[in-house]
file query.txt (compact mmCIF, C-alpha atoms)
# COMPACT_ATOMS: atom_id res chain seq x y z
CA MET C 1 0.00 0.00 0.00
CA ALA C 2 1.29 3.47 -0.86
CA LYS C 3 2.75 5.27 2.12
CA ALA C 4 0.93 8.38 3.33
CA TRP C 5 2.71 11.63 2.63
CA GLU C 6 4.15 13.50 5.57
CA VAL C 7 2.08 16.62 6.38
CA PRO C 8 4.49 19.59 6.24
CA GLY C 9 4.64 21.68 9.40
CA LEU C 10 1.99 19.73 11.32
CA ARG C 11 2.59 19.95 15.07
CA GLY C 12 0.84 18.29 17.96
CA ASP C 13 -0.08 21.61 19.53
CA ALA C 14 -1.42 23.06 16.25
CA ARG C 15 -4.70 24.90 16.12
CA PHE C 16 -7.52 22.78 14.73
CA ARG C 17 -8.08 25.11 11.76
CA ASP C 18 -4.40 25.18 10.81
CA ALA C 19 -4.11 21.38 11.06
CA ALA C 20 -7.23 21.08 8.88
CA GLY C 21 -5.64 23.10 6.08
CA ARG C 22 -2.33 21.28 6.22
CA VAL C 23 -3.79 17.77 6.30
CA ILE C 24 -6.50 18.28 3.65
CA LEU C 25 -4.24 20.07 1.16
CA THR C 26 -1.52 17.43 1.60
CA ARG C 27 -3.97 14.56 1.11
CA TRP C 28 -5.49 16.22 -1.95
CA THR C 29 -2.06 16.68 -3.57
CA GLU C 30 -1.12 13.12 -2.63
CA MET C 31 -4.26 11.72 -4.25
CA MET C 32 -3.90 13.73 -7.45
CA SER C 33 -0.28 12.59 -7.86
CA TYR C 34 -1.67 9.19 -8.95
CA ARG C 35 -4.07 10.66 -11.49
CA GLU C 36 -1.99 10.17 -14.64
CA GLY C 37 -1.03 6.60 -13.76
CA THR C 38 -4.64 5.75 -12.99
CA LEU C 39 -5.89 7.17 -16.28
CA LEU C 40 -3.14 5.37 -18.17
CA GLY C 41 -4.43 2.09 -16.74
CA GLU C 42 -1.22 0.11 -17.27
CA ASP C 43 -0.58 -0.69 -13.61
CA ILE C 44 -3.48 -1.53 -11.28
CA GLU C 45 -1.37 -0.39 -8.30
CA GLU C 46 -1.66 3.23 -9.47
CA LEU C 47 -5.44 3.10 -9.16
CA HIS C 48 -5.09 1.30 -5.84
CA ALA C 49 -2.78 4.01 -4.50
CA MET C 50 -5.15 6.71 -5.70
CA ARG C 51 -8.09 4.97 -4.03
CA VAL C 52 -6.21 4.64 -0.74
CA SER C 53 -5.22 8.32 -0.93
CA SER C 54 -8.78 9.34 -1.70
CA ARG C 55 -9.92 7.50 1.43
CA ARG C 56 -7.27 9.27 3.49
CA LEU C 57 -8.48 12.58 2.05
CA ARG C 58 -12.08 11.76 2.81
CA ALA C 59 -11.20 10.73 6.35
CA ALA C 60 -9.30 14.01 6.81
CA MET C 61 -12.30 15.97 5.54
CA ASP C 62 -14.58 14.09 7.95
CA ALA C 63 -12.17 14.73 10.81
CA PHE C 64 -11.83 18.46 10.18
CA GLU C 65 -15.37 19.17 9.02
CA GLY C 66 -15.82 21.40 12.08
CA ALA C 67 -13.29 23.90 10.72
CA PHE C 68 -15.49 24.78 7.73
CA PRO C 69 -18.99 26.21 7.18
CA ALA C 70 -21.23 23.13 7.22
CA LYS C 71 -23.34 23.90 4.16
CA SER C 72 -20.62 24.79 1.65
CA PHE C 73 -18.31 22.03 2.89
CA LYS C 74 -20.84 19.30 2.01
CA GLY C 75 -20.44 19.96 -1.74
CA TYR C 76 -16.69 19.41 -1.58
CA LEU C 77 -17.10 16.31 0.55
CA ARG C 78 -19.65 14.92 -1.94
CA GLN C 79 -17.21 15.35 -4.85
CA VAL C 80 -14.41 13.59 -2.97
CA LYS C 81 -16.83 10.81 -2.02
CA GLU C 82 -17.68 10.38 -5.71
CA ILE C 83 -13.98 10.01 -6.52
CA THR C 84 -13.59 7.34 -3.81
CA ASP C 85 -16.70 5.49 -5.00
CA VAL C 86 -15.80 5.46 -8.71
CA LEU C 87 -12.24 4.32 -7.99
CA GLY C 88 -13.62 1.81 -5.48
CA ASP C 89 -15.85 0.10 -8.05
CA ALA C 90 -12.86 -0.43 -10.37
CA ARG C 91 -10.59 -1.51 -7.52
CA ASP C 92 -13.12 -4.05 -6.22
CA LEU C 93 -13.14 -5.70 -9.65
CA ASP C 94 -9.32 -5.66 -9.84
CA VAL C 95 -9.19 -7.39 -6.46
CA ALA C 96 -11.88 -9.90 -7.39
CA ILE C 97 -10.07 -10.82 -10.64
CA GLU C 98 -6.75 -11.15 -8.83
CA ARG C 99 -8.24 -13.36 -6.11
CA LEU C 100 -10.06 -15.60 -8.58
CA ASN C 101 -6.89 -15.97 -10.63
CA GLY C 102 -5.12 -16.97 -7.42
CA LEU C 103 -7.68 -19.72 -6.82
CA LEU C 104 -7.34 -21.31 -10.26
CA PRO C 105 -4.26 -23.51 -9.62
CA ASP C 106 -5.94 -25.21 -6.63
CA LEU C 107 -9.26 -25.90 -8.31
CA ARG C 108 -10.47 -29.26 -9.56
CA ARG C 109 -10.69 -29.51 -13.33
CA ASP C 110 -14.51 -29.46 -13.27
CA GLU C 111 -14.51 -26.29 -11.17
CA ARG C 112 -12.22 -24.29 -13.43
CA ALA C 113 -14.67 -23.42 -16.22
CA GLY C 114 -16.98 -21.62 -13.80
CA ILE C 115 -14.24 -19.52 -12.28
CA GLU C 116 -12.73 -18.74 -15.69
CA GLY C 117 -16.18 -17.68 -16.87
CA LEU C 118 -16.55 -15.45 -13.82
CA ILE C 119 -13.13 -13.89 -14.41
CA ALA C 120 -14.11 -13.17 -18.02
CA ARG C 121 -17.31 -11.49 -16.85
CA TYR C 122 -15.48 -9.37 -14.26
CA ARG C 123 -12.85 -8.39 -16.85
CA ALA C 124 -15.60 -7.12 -19.15
CA GLU C 125 -17.18 -5.17 -16.27
CA ARG C 126 -13.77 -3.77 -15.31
CA ALA C 127 -13.13 -2.59 -18.87
CA ALA C 128 -16.39 -0.66 -18.68
CA GLU C 129 -15.11 1.22 -15.59
CA ASP C 130 -12.22 2.97 -17.41
CA PRO C 131 -14.45 5.38 -19.38
CA LEU C 132 -16.30 6.20 -16.14
CA ILE C 133 -13.02 7.12 -14.44
CA ALA C 134 -11.97 9.23 -17.43
CA ALA C 135 -15.36 10.98 -17.43
CA LEU C 136 -15.10 11.69 -13.70
CA PHE C 137 -11.75 13.43 -14.09
CA ALA C 138 -13.01 15.32 -17.13
CA ARG C 139 -15.87 16.65 -14.96
CA ILE C 140 -13.42 17.57 -12.21
CA ASP C 141 -11.35 19.52 -14.74
CA GLU C 142 -14.36 21.21 -16.29
CA SER C 143 -15.67 22.36 -12.93
CA ARG C 144 -12.14 23.46 -11.89
CA PHE C 145 -12.65 21.52 -8.72
CA GLU C 146 -8.97 21.32 -7.86
CA ARG C 147 -8.61 25.10 -7.87
CA ARG C 148 -11.91 25.67 -6.07
CA LEU C 149 -11.09 23.17 -3.32
CA SER C 150 -7.63 24.54 -2.63
CA ARG C 151 -8.93 28.13 -2.55
CA TYR C 152 -11.78 27.15 -0.25
CA VAL C 153 -9.45 25.36 2.18
CA GLU C 154 -6.98 28.23 2.04
CA LYS C 155 -9.72 30.76 2.77
CA HIS C 156 -11.01 28.95 5.85
CA THR C 157 -7.73 27.75 7.32
CA GLY C 158 -5.15 30.34 6.30
CA VAL C 159 -2.84 27.59 5.01
CA LEU C 160 -1.57 28.23 1.47
CA LEU C 161 -0.88 25.29 -0.80
CA ALA C 162 1.94 27.14 -2.59
CA LYS C 163 3.73 27.59 0.73
CA LEU C 164 2.88 24.14 2.09
CA LYS C 165 4.47 22.29 -0.86
CA PRO C 166 3.55 18.69 0.09
CA ARG C 167 5.93 16.06 -1.26
CA PRO C 168 5.95 12.27 -1.56
CA PRO C 169 8.03 10.43 1.05
CA GLU C 170 11.59 9.64 0.07
CA ASP C 171 12.31 5.91 -0.08
CA MET K 172 -24.81 2.61 6.00
CA THR K 173 -25.38 4.73 9.08
CA LYS K 174 -24.33 8.36 8.98
CA PRO K 175 -21.69 9.48 11.45
CA ARG K 176 -23.11 11.01 14.59
CA PRO K 177 -22.71 14.79 14.71
CA VAL K 178 -20.00 16.19 16.93
CA THR K 179 -20.96 19.33 18.83
CA GLY K 180 -18.99 21.84 20.83
CA LEU K 181 -15.97 22.06 18.54
CA ALA K 182 -13.76 25.15 18.68
CA PRO K 183 -12.04 25.49 15.27
CA ASP K 184 -9.70 28.18 16.58
CA GLY K 185 -8.79 26.10 19.62
CA ARG K 186 -6.07 23.48 19.82
CA MET K 187 -6.31 20.29 17.79
CA ARG K 188 -6.02 18.10 20.92
CA ARG K 189 -9.15 19.42 22.62
CA ASN K 190 -11.23 19.11 19.43
CA ALA K 191 -9.77 15.72 18.60
CA ARG K 192 -10.78 14.44 22.03
CA ARG K 193 -14.41 15.45 21.48
CA ILE K 194 -14.51 13.90 18.00
CA LEU K 195 -12.84 10.67 19.15
CA GLN K 196 -15.24 10.34 22.09
CA VAL K 197 -18.22 10.34 19.70
CA ARG K 198 -16.57 7.87 17.33
CA ILE K 199 -15.60 5.49 20.17
CA ASP K 200 -19.24 5.61 21.35
CA GLU K 201 -20.29 4.78 17.80
CA VAL K 202 -18.15 1.63 17.65
CA TYR K 203 -19.38 0.43 21.04
CA SER K 204 -23.02 1.11 20.12
CA PHE K 205 -22.85 -2.12 18.07
CA ASP K 206 -21.87 -4.24 21.05
CA GLY K 207 -24.64 -6.81 21.51
CA LEU K 208 -25.99 -6.32 17.99
CA VAL K 209 -22.97 -8.04 16.46
CA ALA K 210 -23.36 -11.05 18.76
CA ASP K 211 -25.75 -12.42 16.11
CA PRO K 212 -23.92 -13.51 12.94
CA ALA K 213 -27.09 -12.90 10.92
CA ASN K 214 -26.96 -9.13 11.60
CA VAL K 215 -25.21 -8.40 8.33
CA THR K 216 -26.11 -4.69 8.25
CA GLU K 217 -24.95 -4.08 11.81
CA LEU K 218 -21.66 -5.87 11.17
CA HIS K 219 -21.14 -3.70 8.09
CA ASP K 220 -22.01 -0.54 10.02
CA MET K 221 -19.60 -1.49 12.78
CA ARG K 222 -16.89 -1.88 10.14
CA ILE K 223 -17.59 1.67 8.93
CA ALA K 224 -17.51 2.93 12.54
CA CYS K 225 -14.15 1.19 13.08
CA LYS K 226 -12.85 2.68 9.84
CA ARG K 227 -13.80 6.18 10.95
CA LEU K 228 -12.18 5.66 14.35
CA ARG K 229 -9.04 4.18 12.79
CA TYR K 230 -8.51 7.11 10.44
CA LEU K 231 -9.13 9.59 13.24
CA LEU K 232 -6.52 7.88 15.42
CA GLU K 233 -4.11 8.12 12.49
CA ILE K 234 -4.86 11.80 11.86
CA PHE K 235 -5.02 13.00 15.46
CA GLY K 236 -2.33 10.70 16.91
CA ILE K 237 0.21 13.53 16.69
CA ALA K 238 -1.86 15.66 19.09
CA PHE K 239 -1.47 13.28 22.06
CA ASP K 240 1.49 12.44 24.25
CA ALA K 241 0.49 8.79 24.60
CA ASP K 242 1.41 6.38 21.83
CA LEU K 243 -1.87 5.57 20.07
CA ASP K 244 -0.34 3.11 17.60
CA PRO K 245 -1.21 -0.04 19.64
CA PHE K 246 -4.85 1.13 19.79
CA LEU K 247 -4.76 1.94 16.10
CA GLU K 248 -3.51 -1.57 15.30
CA GLU K 249 -6.32 -3.18 17.32
CA VAL K 250 -9.00 -1.08 15.60
CA LYS K 251 -7.43 -1.82 12.21
CA GLY K 252 -7.45 -5.55 12.99
CA LEU K 253 -11.12 -5.37 13.89
CA GLN K 254 -11.91 -3.35 10.77
CA ASP K 255 -10.03 -5.84 8.56
CA LEU K 256 -11.92 -8.80 10.02
CA LEU K 257 -15.25 -7.03 9.58
CA GLY K 258 -14.16 -6.09 6.05
CA ASP K 259 -13.44 -9.71 5.16
CA ILE K 260 -16.82 -10.74 6.60
CA HIS K 261 -18.46 -8.02 4.52
CA ASP K 262 -16.67 -9.26 1.38
CA CYS K 263 -18.20 -12.70 1.92
CA ASP K 264 -21.63 -11.17 2.61
CA VAL K 265 -21.43 -9.25 -0.67
CA GLN K 266 -19.84 -11.99 -2.76
CA VAL K 267 -22.30 -14.80 -2.02
CA PRO K 268 -25.34 -12.91 -3.43
CA MET K 269 -23.17 -11.77 -6.37
CA LEU K 270 -22.24 -15.37 -7.13
CA GLU K 271 -25.87 -16.45 -6.81
CA ASP K 272 -26.72 -13.67 -9.24
CA HIS K 273 -24.01 -15.01 -11.57
CA LEU K 274 -25.69 -18.46 -11.49
CA ARG K 275 -28.97 -16.83 -12.55
CA TRP K 276 -27.09 -14.95 -15.30
CA LEU K 277 -25.66 -18.24 -16.59
CA SER K 278 -29.15 -19.78 -16.63
CA ASP K 279 -30.57 -16.77 -18.45
CA ARG K 280 -27.85 -16.91 -21.10
CA GLU K 281 -28.32 -20.62 -21.58
CA GLY K 282 -32.11 -20.23 -21.77
CA GLY K 283 -31.72 -17.37 -24.25
CA ALA K 284 -29.39 -19.40 -26.47
CA ALA K 285 -31.83 -22.35 -26.44
CA ARG K 286 -34.81 -20.13 -27.26
CA ARG K 287 -32.97 -18.49 -30.16
CA LEU K 288 -32.03 -21.90 -31.56
CA VAL K 289 -35.60 -23.21 -31.27
CA ALA K 290 -36.88 -20.10 -33.05
CA GLN K 291 -34.26 -20.50 -35.82
CA THR K 292 -35.10 -24.18 -36.27
CA ALA K 293 -38.84 -23.46 -36.42
CA ALA K 294 -38.30 -20.68 -38.94
CA SER K 295 -36.18 -22.91 -41.18
CA ARG K 296 -38.86 -25.64 -41.40
CA PRO K 297 -41.13 -25.58 -44.49
CA ARG K 298 -44.62 -24.31 -43.69
CA ARG K 299 -47.47 -26.82 -43.90
CA ARG K 300 -50.77 -25.95 -45.48
CA THR K 301 -52.80 -28.42 -43.45
CA ALA K 302 -53.18 -28.65 -39.72
CA ALA K 303 -51.85 -32.20 -39.69
CA ALA K 304 -49.65 -33.27 -36.76
CA PRO K 305 -45.93 -32.52 -37.36
CA LYS K 306 -43.65 -35.41 -38.17
CA PRO K 307 -41.37 -36.54 -35.34
CA ALA K 308 -37.81 -35.22 -35.76
CA SER K 309 -35.26 -37.67 -37.12
CA GLU K 310 -32.31 -38.85 -35.01
CA ALA K 311 -29.98 -36.90 -37.30
CA ALA K 312 -32.01 -33.71 -36.88
CA PHE K 313 -31.97 -34.15 -33.12
CA ARG K 314 -28.17 -34.62 -33.11
CA ALA K 315 -27.71 -31.52 -35.27
CA PHE K 316 -29.91 -29.54 -32.89
CA GLU K 317 -27.89 -30.80 -29.91
CA ARG K 318 -24.61 -29.81 -31.58
CA GLN K 319 -25.92 -26.32 -32.25
CA LEU K 320 -27.16 -26.02 -28.67
CA GLU K 321 -23.81 -27.01 -27.15
CA PRO K 322 -21.96 -23.65 -27.49
CA GLY K 323 -24.74 -21.91 -25.57
CA ARG K 324 -24.72 -24.39 -22.66
CA ARG K 325 -23.27 -23.07 -19.40
CA GLY K 326 -23.99 -26.03 -17.14
CA ASP K 327 -20.32 -26.90 -16.64
CA GLU K 328 -19.64 -23.37 -15.35
CA ARG K 329 -22.07 -23.78 -12.47
CA ILE K 330 -19.96 -26.40 -10.71
CA GLY K 331 -17.11 -23.99 -10.00
CA VAL K 332 -19.46 -21.19 -8.96
CA HIS K 333 -21.31 -23.48 -6.53
CA ALA K 334 -17.96 -24.57 -5.09
CA LEU K 335 -16.93 -20.93 -4.65
CA ILE K 336 -20.20 -20.09 -2.88
CA ALA K 337 -19.61 -22.99 -0.46
CA ARG K 338 -16.02 -21.83 0.13
CA ARG K 339 -17.10 -18.24 0.86
CA ARG K 340 -19.78 -19.44 3.30
CA ARG K 341 -17.19 -21.52 5.18
CA GLU K 342 -14.78 -18.57 5.26
CA ARG K 343 -17.54 -16.32 6.56
CA ASP K 344 -18.24 -18.67 9.48
CA GLU K 345 -14.52 -18.81 10.37
CA LEU K 346 -14.06 -15.05 10.08
CA TYR K 347 -17.10 -14.34 12.21
CA GLY K 348 -15.76 -16.65 14.94
CA GLU K 349 -12.42 -14.84 14.78
CA PHE K 350 -14.13 -11.45 14.99
CA LEU K 351 -16.18 -12.47 18.01
CA ASP K 352 -13.06 -13.76 19.80
CA THR K 353 -11.22 -10.50 19.07
CA TRP K 354 -14.13 -8.31 20.19
CA ARG K 355 -14.53 -10.27 23.44
CA ARG K 356 -10.80 -10.10 24.09
CA LEU K 357 -10.75 -6.32 23.59
CA LYS K 358 -13.59 -5.92 26.06
CA ALA K 359 -11.88 -8.24 28.56
CA GLU K 360 -8.67 -6.23 28.21
CA ARG K 361 -10.59 -2.99 28.92
CA PHE K 362 -9.70 -1.56 25.52
CA ARG K 363 -12.15 1.32 25.71
CA PRO K 364 -11.20 2.74 29.11
CA ARG K 365 -7.51 2.40 28.23
CA LEU K 366 -7.99 4.27 24.95
CA GLU K 367 -10.07 6.96 26.63
CA ALA K 368 -7.41 7.39 29.29
CA ALA K 369 -4.69 7.63 26.62
CA ILE K 370 -6.45 10.53 24.92
CA GLY K 371 -7.42 12.11 28.23
CA ILE K 372 -11.16 11.88 27.87
CA GLU K 373 -11.65 11.78 31.63
CA ASP K 374 -9.81 15.15 31.79
CA ASP K 375 -12.75 16.83 30.06
CA ALA K 376 -15.44 15.09 32.10

call {"tool": "encode", "arguments": {"input": "query.txt", "output": "structure tokens"}}
result
Amino acid sequence: MAKAWEVPGLRGDARFRDAAGRVILTRWTEMMSYREGTLLGEDIEELHAMRVSSRRLRAAMDAFEGAFPAKSFKGYLRQVKEITDVLGDARDLDVAIERLNGLLPDLRRDERAGIEGLIARYRAERAAEDPLIAALFARIDESRFERRLSRYVEKHTGVLLAKLKPRPPED
Amino acid sequence: MTKPRPVTGLAPDGRMRRNARRILQVRIDEVYSFDGLVADPANVTELHDMRIACKRLRYLLEIFGIAFDADLDPFLEEVKGLQDLLGDIHDCDVQVPMLEDHLRWLSDREGGAARRLVAQTAASRPRRRTAAAPKPASEAAFRAFERQLEPGRRGDERIGVHALIARRRRERDELYGEFLDTWRRLKAERFRPRLEAAIGIEDDA
């Protein structure tokens, strides 16, 4: 599983609002760093890492909800939830295919056809998820969600993304 | 899925620790609200909701851990273990109906293929002018029909799917037993009061 990015400047005695800005902006940047790899679709681990990051982001938004105006915050939370859900549907199929493939060597001959048929069905369903993921990110771009979210978080927390500069952990 | 309980009395301009304590208190309550309900393995929804409650608590411990002097990692690991077990139970609870649905899908496809073939065969027969009884099909015609039907048959695929359903049901029973043991152990080891003490909940009381 992809390691969570360190949150720059986060201290234990931080104010709630300041911590909210630092954590949410870091998690957002972390999640979007997997965007290209996910859209490329060559390595299922890229989508997995993006899904895990999206869940971290969502958890951070749930945790720091109290730092934002309740009504306007819901719209941002809903969009992030949609990202998690769309990636989750594709990831669930990736996992199911991987697990079924793992079962095949231990199956009796008469059991194999059923599992191979199931894998074929899941593969077809998984292929249908790629256009949905591409459409989701096209909508995010069209609505300039990335810019709106960072500005919104900056406005309510005083933390600026340009100054925060979150980075992936060094191996 | 149940919605998270609202957390009141937060002070966004106050320190993270004080706010984290209030949020964690509500989320710990949420996890423990399922105690009793999850003693019945048939309570699929409650088990799923408890998983979500554990997930929320786990992420909060990860996020807010930095705000506390006590090491919350051992608590985090226990909650994660519980969440993983409940997650695996949920996977079985979701997969069995999906596999049963797949069996129906196989039957539908097979039935559809047979119906199409019957319709094609009927259409290819010469029409009779009289209402006389149709001649019985020849052995050769029957064999030809059987050969054409074969590609649409999915009967051999059902064996593996039935075996997988049985496997998932067995796994579910084992996982549930493991979950119950873990949950009972955590209660016996006074997990909740220890966690609350670690984050200083009694300080606010």

call {"tool": "interface_residues", "arguments": {"input": "query.txt", "of": "chain C", "to": "chain K", "cutoff": "8 Å", "atoms": "all atoms listed in the file", "output": "list in words"}}
result
Arg11, Gly12, Asp13, Ala14, Arg15, Phe16, Arg17, Ala19, Arg56, Ala59, Ala60, Ala63, Gly66, Ala67, Asp110, Glu111, Arg112, Ala113, Gly114, Ile115, Gly117 and Leu118 of chain C

call {"tool": "write_last_selection", "arguments": {"input": "query.txt", "atoms": "C-alpha atoms", "output": "PDB file, keeping the file's coordinate frame"}}
result
ATOM      1  CA  ARG C  11       2.590  19.950  15.070  1.00  0.00           C
ATOM      2  CA  GLY C  12       0.840  18.290  17.960  1.00  0.00           C
ATOM      3  CA  ASP C  13      -0.080  21.610  19.530  1.00  0.00           C
ATOM      4  CA  ALA C  14      -1.420  23.060  16.250  1.00  0.00           C
ATOM      5  CA  ARG C  15      -4.700  24.900  16.120  1.00  0.00           C
ATOM      6  CA  PHE C  16      -7.520  22.780  14.730  1.00  0.00           C
ATOM      7  CA  ARG C  17      -8.080  25.110  11.760  1.00  0.00           C
ATOM      8  CA  ALA C  19      -4.110  21.380  11.060  1.00  0.00           C
ATOM      9  CA  ARG C  56      -7.270   9.270   3.490  1.00  0.00           C
ATOM     10  CA  ALA C  59     -11.200  10.730   6.350  1.00  0.00           C
ATOM     11  CA  ALA C  60      -9.300  14.010   6.810  1.00  0.00           C
ATOM     12  CA  ALA C  63     -12.170  14.730  10.810  1.00  0.00           C
ATOM     13  CA  GLY C  66     -15.820  21.400  12.080  1.00  0.00           C
ATOM     14  CA  ALA C  67     -13.290  23.900  10.720  1.00  0.00           C
ATOM     15  CA  ASP C 110     -14.510 -29.460 -13.270  1.00  0.00           C
ATOM     16  CA  GLU C 111     -14.510 -26.290 -11.170  1.00  0.00           C
ATOM     17  CA  ARG C 112     -12.220 -24.290 -13.430  1.00  0.00           C
ATOM     18  CA  ALA C 113     -14.670 -23.420 -16.220  1.00  0.00           C
ATOM     19  CA  GLY C 114     -16.980 -21.620 -13.800  1.00  0.00           C
ATOM     20  CA  ILE C 115     -14.240 -19.520 -12.280  1.00  0.00           C
ATOM     21  CA  GLY C 117     -16.180 -17.680 -16.870  1.00  0.00           C
ATOM     22  CA  LEU C 118     -16.550 -15.450 -13.820  1.00  0.00           C
TER      23      LEU C 118
END

call {"tool": "closest_residue", "arguments": {"input": "query.txt", "among": "K:Arg192, K:Arg280, K:Ala224, K:Asp211", "to": "K:Thr173", "atoms": "all atoms listed in the file"}}
result
K:Ala224

call {"tool": "residues_around", "arguments": {"input": "query.txt", "residues": "stretch 255-260 of chain K", "least_positions_apart": "2", "cutoff": "8 Å", "atoms": "only C-alpha atoms", "output": "list in words"}}
result
Leu218, His219, Met221, Arg222, Lys251, Gly252, Leu253, Asp262, Cys263, Asp264, Arg343, Leu346, Tyr347, Glu349 and Phe350 of chain K

call {"tool": "closest_residue", "arguments": {"input": "query.txt", "among": "K:Arg356, K:Arg338, K:Arg275, K:Arg363", "to": "K:Val202", "atoms": "all atoms listed in the file"}}
result
K:Arg363

call {"tool": "atom_distance", "arguments": {"input": "query.txt", "atom1": "atom CA of C:Pro166", "atom2": "atom CA of C:Pro8"}}
result
6.3 Å

call {"tool": "residues_around", "arguments": {"input": "query.txt", "residues": "K:Ala368", "least_positions_apart": "2", "cutoff": "12 Å", "atoms": "all atoms listed in the file", "output": "PyMOL selection string"}}
result
chain K and resi 192+195-196+239-243+246+361-366+370-376

call {"tool": "axis_aligned_box", "arguments": {"input": "query.txt", "around": "stretch 123-138 of chain C", "padding_each_side": "6 Å", "output": "JSON"}}
result
{"center_x": -14.5, "center_y": 3.5, "center_z": -16.5, "size_x": 17.4, "size_y": 35.7, "size_z": 17.7}

call {"tool": "atom_distance", "arguments": {"input": "query.txt", "atom1": "atom CA of K:Leu232", "atom2": "atom CA of C:Ile83"}}
result
23.3 Å

call {"tool": "atom_distance", "arguments": {"input": "query.txt", "atom1": "atom CA of K:Ser278", "atom2": "atom CA of K:Arg318"}}
result
18.6 Å

call {"tool": "residues_around", "arguments": {"input": "query.txt", "residues": "stretch 142-157 of chain C", "least_positions_apart": "3", "cutoff": "6 Å", "atoms": "only C-alpha atoms", "output": "PDB file with C-alpha atoms, keeping the file's coordinate frame"}}
result
ATOM      1  CA  ARG C  17      -8.080  25.110  11.760  1.00  0.00           C
ATOM      2  CA  ASP C  18      -4.400  25.180  10.810  1.00  0.00           C
ATOM      3  CA  GLY C  21      -5.640  23.100   6.080  1.00  0.00           C
ATOM      4  CA  ARG C 139     -15.870  16.650 -14.960  1.00  0.00           C
ATOM      5  CA  LEU C 160      -1.570  28.230   1.470  1.00  0.00           C
TER       6      LEU C 160
END

call {"tool": "residues_near_point", "arguments": {"input": "query.txt", "point": "(-3.7, 14.6, -2.2)", "cutoff": "10 Å", "atoms": "all atoms listed in the file", "output": "NGL selection string"}}
result
:C and (4-5 or 23-34 or 50 or 53-54 or 56-57 or 166-168)

call {"tool": "write_last_selection", "arguments": {"input": "query.txt", "atoms": "C-alpha atoms", "output": "PDB file, in the frame of the given file"}}
result
ATOM      1  CA  ALA C   4       0.930   8.380   3.330  1.00  0.00           C
ATOM      2  CA  TRP C   5       2.710  11.630   2.630  1.00  0.00           C
ATOM      3  CA  VAL C  23      -3.790  17.770   6.300  1.00  0.00           C
ATOM      4  CA  ILE C  24      -6.500  18.280   3.650  1.00  0.00           C
ATOM      5  CA  LEU C  25      -4.240  20.070   1.160  1.00  0.00           C
ATOM      6  CA  THR C  26      -1.520  17.430   1.600  1.00  0.00           C
ATOM      7  CA  ARG C  27      -3.970  14.560   1.110  1.00  0.00           C
ATOM      8  CA  TRP C  28      -5.490  16.220  -1.950  1.00  0.00           C
ATOM      9  CA  THR C  29      -2.060  16.680  -3.570  1.00  0.00           C
ATOM     10  CA  GLU C  30      -1.120  13.120  -2.630  1.00  0.00           C
ATOM     11  CA  MET C  31      -4.260  11.720  -4.250  1.00  0.00           C
ATOM     12  CA  MET C  32      -3.900  13.730  -7.450  1.00  0.00           C
ATOM     13  CA  SER C  33      -0.280  12.590  -7.860  1.00  0.00           C
ATOM     14  CA  TYR C  34      -1.670   9.190  -8.950  1.00  0.00           C
ATOM     15  CA  MET C  50      -5.150   6.710  -5.700  1.00  0.00           C
ATOM     16  CA  SER C  53      -5.220   8.320  -0.930  1.00  0.00           C
ATOM     17  CA  SER C  54      -8.780   9.340  -1.700  1.00  0.00           C
ATOM     18  CA  ARG C  56      -7.270   9.270   3.490  1.00  0.00           C
ATOM     19  CA  LEU C  57      -8.480  12.580   2.050  1.00  0.00           C
ATOM     20  CA  PRO C 166       3.550  18.690   0.090  1.00  0.00           C
ATOM     21  CA  ARG C 167       5.930  16.060  -1.260  1.00  0.00           C
ATOM     22  CA  PRO C 168       5.950  12.270  -1.560  1.00  0.00           C
TER      23      PRO C 168
END

call {"tool": "closest_residue", "arguments": {"input": "query.txt", "among": "C:Leu132, C:Leu39, C:Met61, C:Leu87", "to": "C:Gly75", "atoms": "only C-alpha atoms"}}
result
C:Met61

call {"tool": "residues_around", "arguments": {"input": "query.txt", "residues": "C:Glu36", "least_positions_apart": "5", "cutoff": "10 Å", "atoms": "only C-alpha atoms", "output": "PyMOL selection string"}}
result
chain C and resi 41+46-47

call {"tool": "closest_residue", "arguments": {"input": "query.txt", "among": "C:Asp85, C:Asp106, C:Asp141, C:Glu98", "to": "C:Arg35", "atoms": "all atoms listed in the file"}}
result
C:Asp141

call {"tool": "build_atoms", "arguments": {"input": "query.txt", "residues": "stretch 141-146 of chain C", "atoms": "N, CA and C atoms", "output": "JSON list (two decimals), keeping the file's coordinate frame"}}
result
[["chain", "number", "residue", "atom", "x", "y", "z"],
["C", 141, "ASP", "N", -12.09, 18.46, -14.04],
["C", 141, "ASP", "CA", -11.35, 19.52, -14.74],
["C", 141, "ASP", "C", -12.29, 20.63, -15.20],
["C", 142, "GLU", "N", -13.41, 20.22, -15.77],
["C", 142, "GLU", "CA", -14.36, 21.21, -16.29],
["C", 142, "GLU", "C", -14.87, 22.13, -15.19],
["C", 143, "SER", "N", -15.12, 21.54, -14.02],
["C", 143, "SER", "CA", -15.67, 22.36, -12.93],
["C", 143, "SER", "C", -14.55, 23.05, -12.13],
["C", 144, "ARG", "N", -13.32, 22.87, -12.56],
["C", 144, "ARG", "CA", -12.14, 23.46, -11.89],
["C", 144, "ARG", "C", -12.17, 23.15, -10.40],
["C", 145, "PHE", "N", -12.49, 21.92, -10.12],
["C", 145, "PHE", "CA", -12.65, 21.52, -8.72],
["C", 145, "PHE", "C", -11.35, 21.66, -7.92],
["C", 146, "GLU", "N", -10.26, 21.29, -8.56],
["C", 146, "GLU", "CA", -8.97, 21.32, -7.86],
["C", 146, "GLU", "C", -8.67, 22.73, -7.35]]
